[in-house]
$ cat data_16.txt   # compact mmCIF, C-alpha atoms
# COMPACT_ATOMS: atom_id res chain seq x y z
CA MET M 112 135.27 190.14 60.20
CA CYS M 113 132.52 192.02 58.31
CA LYS M 114 135.18 194.55 57.21
CA SER M 115 133.40 197.43 58.93
CA ASN M 116 135.46 200.26 60.44
CA ASN M 117 132.82 200.84 63.10
CA ILE M 118 134.83 199.34 65.95
CA ARG M 119 135.77 200.37 69.46
CA GLU M 120 138.12 199.23 72.19
CA ARG M 121 136.28 197.40 74.98
CA ALA M 122 138.97 196.51 77.53
CA LYS M 123 142.60 195.88 78.26
CA VAL M 124 143.25 192.31 79.40
CA GLY M 125 146.31 191.03 81.19
CA ALA M 126 149.51 193.00 80.84
CA PHE M 127 148.89 194.57 77.42
CA PHE M 128 146.19 192.86 75.36
CA LYS M 129 143.62 195.24 73.90
CA VAL M 130 140.13 193.87 73.16
CA TRP M 131 138.08 195.30 70.27
CA ARG M 132 134.46 194.84 69.23
CA CYS M 133 132.75 195.54 65.92
CA ARG M 134 129.53 197.50 66.33
CA GLU M 135 128.13 196.00 63.12
CA CYS M 136 128.66 192.21 63.37
CA THR M 137 129.46 192.29 67.15
CA PHE M 138 132.59 190.15 66.68
CA THR M 139 135.06 190.66 69.56
CA TRP M 140 138.79 190.02 69.27
CA VAL M 141 142.18 190.51 70.85
CA ASP M 142 144.39 193.01 69.03
CA ARG M 143 146.57 191.10 66.56
CA SER M 144 149.50 193.47 66.99
CA ASP M 145 149.55 192.60 70.70
CA LEU M 146 149.54 188.90 69.86
CA ALA M 147 152.59 189.43 67.65
CA LYS M 148 154.73 190.45 70.62
CA PRO M 149 157.30 187.79 71.58
CA GLU M 150 156.04 187.59 75.17
CA ALA M 151 152.55 186.75 73.88
CA ALA M 152 153.50 183.56 72.07
CA PRO M 153 151.30 180.65 73.29
CA SER M 154 152.46 177.06 73.58
CA ASP M 155 150.47 174.50 71.60
CA GLN M 156 152.41 171.48 72.81
CA ASP M 157 151.09 169.23 75.57
CA TYR M 158 148.22 171.70 75.88
CA ASP M 159 146.45 171.70 79.27
CA TYR M 160 143.04 171.27 77.63
CA ASN M 161 144.15 168.04 75.93
CA ARG M 162 145.51 166.69 79.21
CA VAL M 163 142.16 167.39 80.89
CA LEU M 164 140.34 165.52 78.13
CA ARG M 165 142.52 162.47 78.63
CA ASN M 166 141.60 162.37 82.31
CA VAL M 167 137.82 162.76 81.97
CA PHE M 168 136.95 161.09 78.67
CA GLU M 169 135.83 157.75 80.08
CA GLN M 170 133.26 159.34 82.39
CA MET M 171 132.11 161.74 79.66
CA LYS M 172 131.98 159.15 76.85
CA PRO M 173 128.18 158.59 77.01
CA LEU M 174 127.66 162.33 76.49
CA TYR M 175 129.98 162.35 73.47
CA VAL M 176 127.99 159.50 71.92
CA LYS M 177 124.59 161.01 72.74
CA GLY M 178 125.52 164.42 71.41
CA LEU M 179 127.09 163.19 68.17
CA GLN M 180 124.16 160.85 67.50
CA GLU M 181 121.73 163.75 67.86
CA ARG M 182 123.77 165.84 65.45
CA MET M 183 123.99 163.08 62.86
CA THR M 184 120.22 162.65 63.02
CA ARG M 185 119.80 166.39 62.32
CA THR M 186 122.37 166.49 59.54
CA LEU M 187 123.04 163.21 57.73
CA GLY M 188 119.61 161.83 58.54
CA GLU M 189 119.09 158.42 56.92
CA ARG M 190 122.49 158.23 55.22
CA SER M 191 124.49 155.11 56.00
CA LEU M 192 127.36 156.14 58.26
CA GLN M 193 129.41 153.26 56.86
CA ASN M 194 129.52 155.20 53.59
CA CYS M 195 130.31 158.51 55.29
CA SER M 196 133.52 160.17 56.41
CA PHE M 197 134.10 162.30 59.52
CA LEU M 198 136.88 164.84 60.14
CA ASP M 199 137.51 166.35 63.56
CA VAL M 200 139.62 169.51 63.33
CA GLY M 201 141.32 169.89 66.69
CA CYS M 202 140.87 166.21 67.51
CA ALA M 203 143.01 166.26 70.69
CA ASN M 204 143.51 162.65 71.82
CA GLY M 205 140.90 161.27 69.43
CA GLU M 206 137.85 161.43 71.68
CA TYR M 207 135.49 162.22 68.81
CA LEU M 208 137.33 159.95 66.41
CA GLN M 209 136.69 157.04 68.76
CA THR M 210 133.06 158.15 69.16
CA ALA M 211 132.48 158.48 65.39
CA LYS M 212 134.16 155.13 64.76
CA SER M 213 131.98 153.41 67.37
CA MET M 214 128.89 154.89 65.71
CA GLY M 215 129.79 153.25 62.40
CA PHE M 216 131.49 155.93 60.29
CA GLY M 217 133.41 154.26 57.50
CA THR M 218 136.27 156.77 57.65
CA VAL M 219 137.38 159.01 60.49
CA ALA M 220 140.32 161.40 60.51
CA GLY M 221 141.64 164.28 62.55
CA VAL M 222 143.76 167.41 62.60
CA GLU M 223 145.81 168.28 65.68
CA ILE M 224 148.84 170.56 66.15
CA ASP M 225 149.71 169.33 69.66
CA ALA M 226 152.37 166.74 68.83
CA SER M 227 151.77 164.75 72.02
CA ALA M 228 148.01 164.26 71.51
CA PRO M 229 147.73 162.51 68.09
CA LYS M 230 149.72 159.48 69.25
CA GLN M 231 146.52 158.15 70.78
CA ALA M 232 144.16 159.65 68.20
CA SER M 233 145.88 157.97 65.25
CA VAL M 234 144.67 154.58 66.52
CA TYR M 235 141.24 155.43 65.09
CA GLY M 236 142.20 157.07 61.80
CA GLU M 237 144.63 159.30 59.95
CA VAL M 238 145.75 162.33 61.95
CA THR M 239 147.72 165.22 60.51
CA ASP M 240 148.81 168.65 61.69
CA ASP M 241 147.44 170.46 58.62
CA VAL M 242 143.93 170.18 57.15
CA CYS M 243 145.35 171.11 53.73
CA LYS M 244 146.99 167.68 53.54
CA PHE M 245 143.56 166.15 52.85
CA ALA M 246 142.17 166.14 49.32
CA PRO M 247 139.33 168.56 48.48
CA SER M 248 135.73 167.38 48.94
CA THR M 249 136.73 164.37 51.06
CA PHE M 250 134.48 164.50 54.12
CA ASP M 251 130.73 164.30 54.70
CA VAL M 252 131.12 165.88 58.13
CA VAL M 253 133.75 168.39 59.22
CA GLN M 254 133.68 169.20 62.93
CA ILE M 255 135.53 172.24 64.29
CA LYS M 256 134.85 172.26 67.99
CA ASN M 257 136.27 174.76 70.47
CA VAL M 258 139.00 175.71 68.00
CA LEU M 259 138.03 178.86 66.09
CA ASN M 260 138.25 181.00 69.24
CA ASN M 261 141.99 180.28 69.29
CA ILE M 262 143.01 180.92 65.66
CA PRO M 263 144.46 184.34 64.68
CA ASP M 264 143.74 183.93 60.94
CA PHE M 265 140.45 182.14 61.50
CA VAL M 266 138.96 183.23 58.16
CA ASP M 267 141.75 181.57 56.14
CA PHE M 268 141.68 178.61 58.53
CA LEU M 269 137.96 178.06 58.06
CA SER M 270 138.35 178.43 54.30
CA SER M 271 140.89 175.58 54.29
CA CYS M 272 138.58 173.40 56.38
CA LEU M 273 135.64 174.00 54.06
CA LYS M 274 137.66 172.91 51.03
CA VAL M 275 137.75 169.33 52.32
CA LEU M 276 133.97 169.29 52.96
CA LYS M 277 131.84 167.59 50.30
CA PRO M 278 129.31 169.82 48.49
CA ASP M 279 126.46 167.98 50.23
CA GLY M 280 128.29 167.69 53.54
CA PHE M 281 127.78 169.40 56.89
CA LEU M 282 129.94 171.67 59.00
CA LEU M 283 129.67 171.33 62.78
CA LEU M 284 131.14 174.52 64.22
CA ASP M 285 131.05 175.08 67.98
CA VAL M 286 132.60 178.13 69.62
CA LEU M 287 132.69 179.76 73.03
CA ASN M 288 129.76 182.17 73.33
CA GLN M 289 130.75 185.78 73.90
CA ASP M 290 127.19 186.53 75.08
CA SER M 291 126.87 183.62 77.51
CA LEU M 292 125.53 184.15 81.00
CA THR M 293 128.92 183.23 82.44
CA ALA M 294 130.69 185.78 80.21
CA LEU M 295 128.21 188.53 81.08
CA LEU M 296 128.56 187.87 84.81
CA ARG M 297 132.34 187.78 84.55
CA ASN M 298 132.41 191.12 82.73
CA ASN M 299 130.11 192.82 85.25
CA TRP M 300 131.50 191.32 88.46
CA GLY M 301 135.17 191.07 87.57
CA ARG M 302 136.01 194.30 85.81
CA ASP M 303 139.72 194.14 86.66
CA TYR M 304 140.50 192.50 83.32
CA GLN M 305 144.19 193.25 83.59
CA LYS M 306 144.38 191.31 86.85
CA THR M 307 142.15 188.38 85.86
CA GLY M 308 143.50 188.12 82.32
CA ARG M 309 140.00 187.46 81.00
CA TYR M 310 137.24 189.33 79.21
CA GLY M 311 134.15 187.20 78.75
CA PRO M 312 135.47 183.96 77.25
CA LEU M 313 138.60 185.70 75.95
CA ARG M 314 141.81 184.57 77.61
CA PRO M 315 144.79 185.81 75.60
CA PRO M 316 147.05 184.62 74.18
CA TYR M 317 144.99 181.40 73.88
CA VAL M 318 141.32 182.39 73.49
CA ILE M 319 141.44 185.45 71.24
CA ASN M 320 138.17 185.53 69.24
CA GLY M 321 134.72 186.17 70.71
CA PHE M 322 131.70 184.99 68.72
CA ASN M 323 127.98 185.26 69.30
CA GLN M 324 124.98 184.33 67.17
CA VAL M 325 125.16 187.54 65.15
CA SER M 326 128.84 187.19 64.26
CA ILE M 327 128.51 183.46 63.50
CA LYS M 328 125.68 184.18 61.05
CA GLU M 329 127.85 186.86 59.45
CA LEU M 330 130.69 184.35 59.15
CA TYR M 331 128.37 181.83 57.50
CA ARG M 332 127.06 184.48 55.12
CA ARG M 333 130.60 185.37 54.13
CA PHE M 334 131.38 181.76 53.25
CA GLY M 335 128.12 181.00 51.48
CA LEU M 336 126.87 178.64 54.18
CA THR M 337 123.32 178.15 55.34
CA PRO M 338 122.95 177.53 59.09
CA THR M 339 120.70 174.55 59.78
CA TRP M 340 121.04 174.68 63.58
CA ILE M 341 122.11 177.34 66.08
CA SER M 342 121.67 176.89 69.82
CA THR M 343 123.58 177.27 73.07
CA SER M 344 124.40 174.65 75.65
CA TYR M 345 126.96 173.66 78.23
CA MET M 346 127.40 169.89 78.55
CA GLY M 347 128.89 166.92 76.77
CA THR M 348 129.41 167.56 73.08
CA SER M 349 127.95 171.01 73.55
CA VAL M 350 130.72 172.55 75.61
CA VAL M 351 134.27 171.96 76.61
CA PRO M 352 133.83 168.27 77.44
CA SER M 353 135.15 168.04 80.96
CA ALA M 354 133.59 167.35 84.34
CA PRO M 355 132.07 170.64 85.55
CA ASN M 356 131.87 171.56 89.21
CA PHE M 357 128.56 172.43 90.88
CA MET M 358 128.71 176.17 90.15
CA VAL M 359 129.54 175.54 86.51
CA LYS M 360 126.52 173.23 86.32
CA VAL M 361 124.22 175.84 87.88
CA LEU M 362 125.44 178.62 85.58
CA GLY M 363 125.36 176.25 82.63
CA LEU M 364 121.77 175.19 83.26
CA ALA M 365 120.65 178.77 83.86
CA GLY M 366 122.47 179.97 80.77
CA SER M 367 120.93 177.24 78.63
CA LEU M 368 117.42 178.04 79.86
CA LEU M 369 118.01 181.71 79.01
CA ARG M 370 119.54 180.71 75.64
CA LYS M 371 122.84 182.09 76.88
CA GLY M 372 124.81 178.87 77.33
CA SER M 373 128.59 178.93 77.37
CA MET M 374 128.92 177.33 73.93
CA LEU M 375 127.34 178.15 70.59
CA ILE M 376 126.37 174.91 68.86
CA THR M 377 126.04 175.45 65.13
CA GLU M 378 125.58 173.31 62.04
CA ALA M 379 125.61 174.48 58.43
CA LYS M 380 125.75 173.32 54.85
CA PRO M 381 126.89 174.96 51.62
CA ILE M 382 124.22 177.04 49.91
CA THR M 383 124.83 175.07 46.69
CA SER M 384 123.76 171.93 48.56
CA VAL M 385 120.56 173.60 49.77
CA THR M 386 119.79 174.84 46.26
CA SER M 387 120.38 171.41 44.75
CA SER M 388 118.14 169.67 47.27
CA ASN M 389 115.36 172.17 46.60
CA HIS M 390 115.34 171.20 42.92
CA GLU M 391 115.40 167.43 43.41
$ encode --input "data_16.txt" --output "structure tokens"
Amino acid sequence: MCKSNNIRERAKVGAFFKVWRCRECTFTWVDRSDLAKPEAAPSDQDYDYNRVLRNVFEQMKPLYVKGLQERMTRTLGERSLQNCSFLDVGCANGEYLQTAKSMGFGTVAGVEIDASAPKQASVYGEVTDDVCKFAPSTFDVVQIKNVLNNIPDFVDFLSSCLKVLKPDGFLLLDVLNQDSLTALLRNNWGRDYQKTGRYGPLRPPYVINGFNQVSIKELYRRFGLTPTWISTSYMGTSVVPSAPNFMVKVLGLAGSLLRKGSMLITEAKPITSVTSSNHE
């Protein structure tokens, strides 16, 4: 990601997936040549994650609302939500579209490649399978949650997402944390990566990019973004929103207390916006 050649192989996961890590920016990834093999092709239709969300959304809804309200207070502040627009990239069944709509956003929209999921999401706003179908500088808030870990060409993907963000808008980017307590324990206790098919949060061919705070800051620097919030957490809008079991709760709480939660919660704005506000 930082274009350094100072990289080394960390593990072999599953049948043939090699995992690499950059010693400079600490970004970790699954070898792209391995992902190009026919037997590595993932299925994005009727994705298990989206089915889980459908089953647990009602019980998790208060956490969606609480989390998004907190984020809007940190980012949009006193702006009238009625005059603001919200885009959820990877909107699944429309859980966040419904949440944003209920909070008063004037416009909500989503991007989702799973053809079976948007049927429900489109009730709340326009849903497309390609972010490039939206006009540039359309949205006040662009949320990309639990998506970037899965995208092979994530740099180009993020670039396309940022084009539809207004110059004074905010990016909400949440990713699985490569340095989480859960990931560290998994790597030290379950070293048979070929058998488990996992390395930290990586689970090829689906989860193929491993980020931590260092690599996220490097990504923001590359795109001319200023981070306004970086933390880790594990519940509600701060992790994969599903009902965790007891052990997940214990590890999640411990990880959060140690600042090694399973998800990196980040918010950022374009540097041009920061510069403009400083001169107002």
$ closest_residue --input "data_16.txt" --among "M:Tyr345, M:Lys244, M:Leu287, M:Glu206" --to "Met171 (chain M)" --atoms "all atoms listed in the file"
M:Glu206
$ atom_distance --input "data_16.txt" --atom1 "CA of Ile376 (chain M)" --atom2 "CA of Leu283 (chain M)"
7.8 Å
$ residues_around --input "data_16.txt" --residues "region 323-340 of chain M" --least-positions-apart "6" --cutoff "7 Å" --atoms "all atoms listed in the file" --output "JSON, numbers by chain"
{"M": [136, 137, 138, 288, 289, 290, 377, 378, 379, 380, 381, 382]}
$ atom_distance --input "data_16.txt" --atom1 "CA of Leu313 (chain M)" --atom2 "CA of Val252 (chain M)"
27.7 Å
$ closest_residue --input "data_16.txt" --among "M:Val222, M:Val176, M:Ala126, M:Leu259" --to "Tyr207 (chain M)" --atoms "only C-alpha atoms"
M:Val176
$ closest_residue --input "data_16.txt" --among "M:Trp131, M:Tyr317, M:Phe322, M:Tyr310" --to "Leu375 (chain M)" --atoms "all atoms listed in the file"
M:Phe322
$ closest_residue --input "data_16.txt" --among "M:Asp199, M:Asp303, M:Asp264, M:Asp240" --to "Gly221 (chain M)" --atoms "all atoms listed in the file"
M:Asp199
$ atom_distance --input "data_16.txt" --atom1 "CA of Ser191 (chain M)" --atom2 "CA of Cys243 (chain M)"
26.4 Å
$ closest_residue --input "data_16.txt" --among "M:Asn260, M:Ser248, M:Gln305, M:Thr293" --to "Ile319 (chain M)" --atoms "only C-alpha atoms"
M:Asn260
$ closest_residue --input "data_16.txt" --among "M:Ser373, M:Thr249, M:Thr210, M:Asn261" --to "Asn194 (chain M)" --atoms "all atoms listed in the file"
M:Thr249
$ residues_around --input "data_16.txt" --residues "Pro263 (chain M)" --least-positions-apart "5" --cutoff "12 Å" --atoms "all atoms listed in the file" --output "NGL selection string"
:M and (112 or 140-147 or 152-153 or 258 or 268-269 or 315-321)
$ residues_near_point --input "data_16.txt" --point "(134.5, 191.3, 83.3)" --cutoff "10 Å" --atoms "only C-alpha atoms" --output "number ranges by chain"
M: 122, 124, 293-305, 307-312
$ write_last_selection --input "data_16.txt" --atoms "C-alpha atoms" --output "PDB file, in the frame of the given file"
ATOM      1  CA  ALA M 122     138.970 196.510  77.530  1.00  0.00           C
ATOM      2  CA  VAL M 124     143.250 192.310  79.400  1.00  0.00           C
ATOM      3  CA  THR M 293     128.920 183.230  82.440  1.00  0.00           C
ATOM      4  CA  ALA M 294     130.690 185.780  80.210  1.00  0.00           C
ATOM      5  CA  LEU M 295     128.210 188.530  81.080  1.00  0.00           C
ATOM      6  CA  LEU M 296     128.560 187.870  84.810  1.00  0.00           C
ATOM      7  CA  ARG M 297     132.340 187.780  84.550  1.00  0.00           C
ATOM      8  CA  ASN M 298     132.410 191.120  82.730  1.00  0.00           C
ATOM      9  CA  ASN M 299     130.110 192.820  85.250  1.00  0.00           C
ATOM     10  CA  TRP M 300     131.500 191.320  88.460  1.00  0.00           C
ATOM     11  CA  GLY M 301     135.170 191.070  87.570  1.00  0.00           C
ATOM     12  CA  ARG M 302     136.010 194.300  85.810  1.00  0.00           C
ATOM     13  CA  ASP M 303     139.720 194.140  86.660  1.00  0.00           C
ATOM     14  CA  TYR M 304     140.500 192.500  83.320  1.00  0.00           C
ATOM     15  CA  GLN M 305     144.190 193.250  83.590  1.00  0.00           C
ATOM     16  CA  THR M 307     142.150 188.380  85.860  1.00  0.00           C
ATOM     17  CA  GLY M 308     143.500 188.120  82.320  1.00  0.00           C
ATOM     18  CA  ARG M 309     140.000 187.460  81.000  1.00  0.00           C
ATOM     19  CA  TYR M 310     137.240 189.330  79.210  1.00  0.00           C
ATOM     20  CA  GLY M 311     134.150 187.200  78.750  1.00  0.00           C
ATOM     21  CA  PRO M 312     135.470 183.960  77.250  1.00  0.00           C
TER      22      PRO M 312
END
$ residues_around --input "data_16.txt" --residues "Gly363 (chain M)" --least-positions-apart "3" --cutoff "10 Å" --atoms "only C-alpha atoms" --output "PDB file with C-alpha atoms, keeping the file's coordinate frame"
ATOM      1  CA  SER M 291     126.870 183.620  77.510  1.00  0.00           C
ATOM      2  CA  LEU M 292     125.530 184.150  81.000  1.00  0.00           C
ATOM      3  CA  THR M 293     128.920 183.230  82.440  1.00  0.00           C
ATOM      4  CA  THR M 343     123.580 177.270  73.070  1.00  0.00           C
ATOM      5  CA  SER M 344     124.400 174.650  75.650  1.00  0.00           C
ATOM      6  CA  TYR M 345     126.960 173.660  78.230  1.00  0.00           C
ATOM      7  CA  MET M 346     127.400 169.890  78.550  1.00  0.00           C
ATOM      8  CA  VAL M 350     130.720 172.550  75.610  1.00  0.00           C
ATOM      9  CA  PRO M 355     132.070 170.640  85.550  1.00  0.00           C
ATOM     10  CA  PHE M 357     128.560 172.430  90.880  1.00  0.00           C
ATOM     11  CA  MET M 358     128.710 176.170  90.150  1.00  0.00           C
ATOM     12  CA  VAL M 359     129.540 175.540  86.510  1.00  0.00           C
ATOM     13  CA  LYS M 360     126.520 173.230  86.320  1.00  0.00           C
ATOM     14  CA  GLY M 366     122.470 179.970  80.770  1.00  0.00           C
ATOM     15  CA  SER M 367     120.930 177.240  78.630  1.00  0.00           C
ATOM     16  CA  LEU M 368     117.420 178.040  79.860  1.00  0.00           C
ATOM     17  CA  LEU M 369     118.010 181.710  79.010  1.00  0.00           C
ATOM     18  CA  LYS M 371     122.840 182.090  76.880  1.00  0.00           C
ATOM     19  CA  GLY M 372     124.810 178.870  77.330  1.00  0.00           C
ATOM     20  CA  SER M 373     128.590 178.930  77.370  1.00  0.00           C
ATOM     21  CA  MET M 374     128.920 177.330  73.930  1.00  0.00           C
TER      22      MET M 374
END
$ residues_around --input "data_16.txt" --residues "Leu208 (chain M)" --least-positions-apart "2" --cutoff "10 Å" --atoms "only C-alpha atoms" --output "ChimeraX atom specification"
/M:197-199,202-206,210-214,216,218-221,232-238
$ residues_around --input "data_16.txt" --residues "Lys114 (chain M)" --least-positions-apart "3" --cutoff "10 Å" --atoms "only C-alpha atoms" --output "PyMOL selection string"
chain M and resi 117-118+133+135-136
$ decode --input "data_16.txt" --residues "region 281-348 of chain M" --atoms "C-alpha atoms" --output "PDB file, in the first residue's frame"
ATOM      1  CA  PHE M 281     -17.027  12.945   6.292  1.00  0.00           C
ATOM      2  CA  LEU M 282     -15.830   9.425   5.600  1.00  0.00           C
ATOM      3  CA  LEU M 283     -16.747   6.733   8.126  1.00  0.00           C
ATOM      4  CA  LEU M 284     -14.374   3.844   7.474  1.00  0.00           C
ATOM      5  CA  ASP M 285     -14.482   0.792   9.740  1.00  0.00           C
ATOM      6  CA  VAL M 286     -12.294  -2.256   9.152  1.00  0.00           C
ATOM      7  CA  LEU M 287     -11.368  -5.448  10.952  1.00  0.00           C
ATOM      8  CA  ASN M 288      -8.358  -4.798  13.172  1.00  0.00           C
ATOM      9  CA  GLN M 289      -5.302  -6.874  12.324  1.00  0.00           C
ATOM     10  CA  ASP M 290      -3.841  -6.061  15.754  1.00  0.00           C
ATOM     11  CA  SER M 291      -6.931  -6.906  17.802  1.00  0.00           C
ATOM     12  CA  LEU M 292      -6.678  -9.049  20.909  1.00  0.00           C
ATOM     13  CA  THR M 293      -8.719 -11.753  19.193  1.00  0.00           C
ATOM     14  CA  ALA M 294      -6.397 -11.755  16.169  1.00  0.00           C
ATOM     15  CA  LEU M 295      -3.268 -11.899  18.330  1.00  0.00           C
ATOM     16  CA  LEU M 296      -4.640 -14.796  20.379  1.00  0.00           C
ATOM     17  CA  ARG M 297      -5.702 -16.645  17.249  1.00  0.00           C
ATOM     18  CA  ASN M 298      -2.246 -16.275  15.718  1.00  0.00           C
ATOM     19  CA  ASN M 299      -0.457 -17.479  18.855  1.00  0.00           C
ATOM     20  CA  TRP M 300      -2.810 -20.300  19.860  1.00  0.00           C
ATOM     21  CA  GLY M 301      -3.884 -21.549  16.453  1.00  0.00           C
ATOM     22  CA  ARG M 302      -0.752 -21.616  14.359  1.00  0.00           C
ATOM     23  CA  ASP M 303      -2.050 -24.264  11.958  1.00  0.00           C
ATOM     24  CA  TYR M 304      -3.226 -21.601   9.522  1.00  0.00           C
ATOM     25  CA  GLN M 305      -3.566 -24.069   6.679  1.00  0.00           C
ATOM     26  CA  LYS M 306      -6.026 -26.128   8.713  1.00  0.00           C
ATOM     27  CA  THR M 307      -8.016 -23.240  10.213  1.00  0.00           C
ATOM     28  CA  GLY M 308      -8.011 -21.151   7.040  1.00  0.00           C
ATOM     29  CA  ARG M 309      -7.459 -18.000   9.096  1.00  0.00           C
ATOM     30  CA  TYR M 310      -4.631 -15.650   9.980  1.00  0.00           C
ATOM     31  CA  GLY M 311      -5.723 -12.948  12.391  1.00  0.00           C
ATOM     32  CA  PRO M 312      -8.889 -11.532  10.820  1.00  0.00           C
ATOM     33  CA  LEU M 313      -7.857 -12.760   7.358  1.00  0.00           C
ATOM     34  CA  ARG M 314     -10.092 -15.484   5.950  1.00  0.00           C
ATOM     35  CA  PRO M 315      -9.363 -15.927   2.246  1.00  0.00           C
ATOM     36  CA  PRO M 316     -10.860 -15.706  -0.256  1.00  0.00           C
ATOM     37  CA  TYR M 317     -13.290 -13.370   1.554  1.00  0.00           C
ATOM     38  CA  VAL M 318     -11.300 -11.349   4.104  1.00  0.00           C
ATOM     39  CA  ILE M 319      -8.038 -10.578   2.311  1.00  0.00           C
ATOM     40  CA  ASN M 320      -6.729  -7.251   3.684  1.00  0.00           C
ATOM     41  CA  GLY M 321      -5.451  -6.690   7.216  1.00  0.00           C
ATOM     42  CA  PHE M 322      -5.402  -3.127   8.539  1.00  0.00           C
ATOM     43  CA  ASN M 323      -4.242  -1.612  11.804  1.00  0.00           C
ATOM     44  CA  GLN M 324      -3.936   1.977  12.995  1.00  0.00           C
ATOM     45  CA  VAL M 325      -0.589   2.484  11.275  1.00  0.00           C
ATOM     46  CA  SER M 326      -1.765   1.262   7.864  1.00  0.00           C
ATOM     47  CA  ILE M 327      -5.071   3.156   8.089  1.00  0.00           C
ATOM     48  CA  LYS M 328      -3.192   6.404   8.777  1.00  0.00           C
ATOM     49  CA  GLU M 329      -0.964   5.655   5.790  1.00  0.00           C
ATOM     50  CA  LEU M 330      -4.054   5.080   3.648  1.00  0.00           C
ATOM     51  CA  TYR M 331      -5.524   8.397   4.775  1.00  0.00           C
ATOM     52  CA  ARG M 332      -2.244  10.173   4.077  1.00  0.00           C
ATOM     53  CA  ARG M 333      -2.184   8.726   0.585  1.00  0.00           C
ATOM     54  CA  PHE M 334      -5.664  10.076  -0.143  1.00  0.00           C
ATOM     55  CA  GLY M 335      -5.187  13.475   1.446  1.00  0.00           C
ATOM     56  CA  LEU M 336      -7.554  12.771   4.327  1.00  0.00           C
ATOM     57  CA  THR M 337      -7.265  13.965   7.894  1.00  0.00           C
ATOM     58  CA  PRO M 338      -8.411  11.438  10.512  1.00  0.00           C
ATOM     59  CA  THR M 339     -10.743  13.032  13.045  1.00  0.00           C
ATOM     60  CA  TRP M 340     -11.381   9.849  15.045  1.00  0.00           C
ATOM     61  CA  ILE M 341      -9.593   6.508  15.406  1.00  0.00           C
ATOM     62  CA  SER M 342     -10.546   3.972  18.058  1.00  0.00           C
ATOM     63  CA  THR M 343     -11.277   0.272  18.457  1.00  0.00           C
ATOM     64  CA  SER M 344     -14.431  -1.389  19.666  1.00  0.00           C
ATOM     65  CA  TYR M 345     -16.512  -4.512  19.310  1.00  0.00           C
ATOM     66  CA  MET M 346     -20.255  -3.871  19.579  1.00  0.00           C
ATOM     67  CA  GLY M 347     -23.160  -2.404  17.668  1.00  0.00           C
ATOM     68  CA  THR M 348     -22.048  -0.005  14.967  1.00  0.00           C
TER      69      THR M 348
END
